[in-house]
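**Q** First the structure, which I've put down as structure tokens, then a few questions once you've had a look.
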Amino acid sequence: MPILKRETDLYPGDLFEAYPGQADWTVARVRSRREKALARYLLQHGLPFYLPQTSHERRYSGRLRVSHLPLFPGYVFLRLGRRDHRNVLKSNLVLQLLDVFDQSQLHRELRSLWQLQLSGAPLVPHPYLAPGDEVKIADGPFAGWTGHLLRERGNLQWVVSITLLRRSVAATLDRESIVPATMGTAAGRDRLAHPLTG
């Protein structure tokens, strides 16, 4: 099974812990199919980034081939000081740098996505979900986390959304590990009767 080399997802390794206040998140909208090229450029220049990827299997001439594709085609997440923006634009791979107005929200969402990746949960691109019913994970490695839930082909999936891009990814969960996020309130009791969207 030929496997194409996986590009670096995250640089540096403590991206979600470091840089208090001096480097904001920025989103690079890149030229078509140039996300990995930008990641290599950023790595060479020591510029912090996050490029979430997912494995994709395809058969060519009867042989299975595994490649690693960006979860959000066309976008790379950067955590830079203002003076670094010029260095990124010098790559000639970036169409636009998007300002992030809610830094804490994007940071939380990207950190949740990274933790899902570290868990080994298979992630698949998913249509964006607007805010709606929330669920809480009651046990397992994600106990205490909240997120959106939907049913797809008989499976329960927990969704992490990146609001700025209006994109989401989903991970499959066991029904026994999920409870409504607002247990004990009238809204929570209503959601108990209908805990799933989709």
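FYI, nothing fancy with the structure tokens labels: chains A, B, ... in order, residues from 1 per chain, ligands from 1 as they appear.
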Among the residues of segment 43-174 of chain A, find those DSSP assigns to strand (DSSP E or B) from the backbone and print them as JSON, numbers by chain.

**A** {"A": [49, 50, 53, 54, 55, 56, 57, 58, 59, 60, 63, 64, 65, 66, 67, 68, 69, 70, 75, 76, 77, 78, 79, 80, 94, 95, 96, 97, 98, 99, 124, 125, 126, 134, 135, 136, 137, 146, 147, 148, 149, 150, 151, 152, 155, 156, 157, 158, 159, 160, 161, 162, 167, 168, 169, 170, 171, 172, 173]}

**Q** Have a look at A:Leu10, A:Val160, A:Leu51, A:Ala39 and name the one nearest to Leu71 of chain A; count only C-alpha atoms.

**A**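 Closest candidate: A:Leu51.
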
**Q** Excluding Leu78 of chain A and residues on its chain fewer than 3 positions from it, collect all residues at most 9 Å away from it, counting only C-alpha atoms, and give them as a count of residues only.

**A** 10

**Q** Please, what distance in Å, to one decimal, runs between atom CA of Pro141 of chain A and atom CA of Gln115 of chain A?

**A** 10.1 Å

**Q** Would you mind writing down, as a ChimeraX atom specification, each residue of segment 73-108 of chain A that DSSP on the backbone assigns to helix (DSSP H, G or I)?

**A** /A:82-89,103-108

**Q** Hey, what's within 7 Å of His68 of chain A if we count only C-alpha atoms and toss same-chain stuff fewer than 4 positions away? As number ranges by chain, please?

**A** A: 6, 53-56

**Q** My list of candidates is A:Tyr75, A:Tyr11, A:Tyr60, A:Phe16. Which is closest to Arg34 of chain A when distances are computed with only C-alpha atoms?

**A**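 Smallest distance to Arg34 of chain A is found for A:Tyr75.
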
**Q** Point out the residue among A:His45, A:Pro12, A:Ile137, A:Arg167 with the least atom-to-atom distance to Asn87 of chain A, counting only C-alpha atoms.

**A**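 Closest to Asn87 of chain A of all the choices is A:His45.
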
**Q** Fewer than 2 positions away in the same chain doesn't count, so skip those; otherwise give me all residues within 8 Å of Phe72 of chain A, counting only C-alpha atoms, as a ChimeraX atom specification.

**A** /A:52,70,74-76,125,167

**Q** Go through A:Val100, A:Val66, A:Ala23, A:Leu93 and flag the residue nearest Arg40 of chain A, using only C-alpha atoms for the distances.

**A** A:Leu93

**Q** At what distance in Å, to one decimal, does atom CA of Glu57 of chain A lie from atom CA of Leu15 of chain A?

**A** 28.9 Å

**Q** Using Å and a single decimal, report how far atom CA of Leu173 of chain A sits from atom CA of Pro122 of chain A.

**A**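 Distance reported for this atom pair: 10.6 Å.
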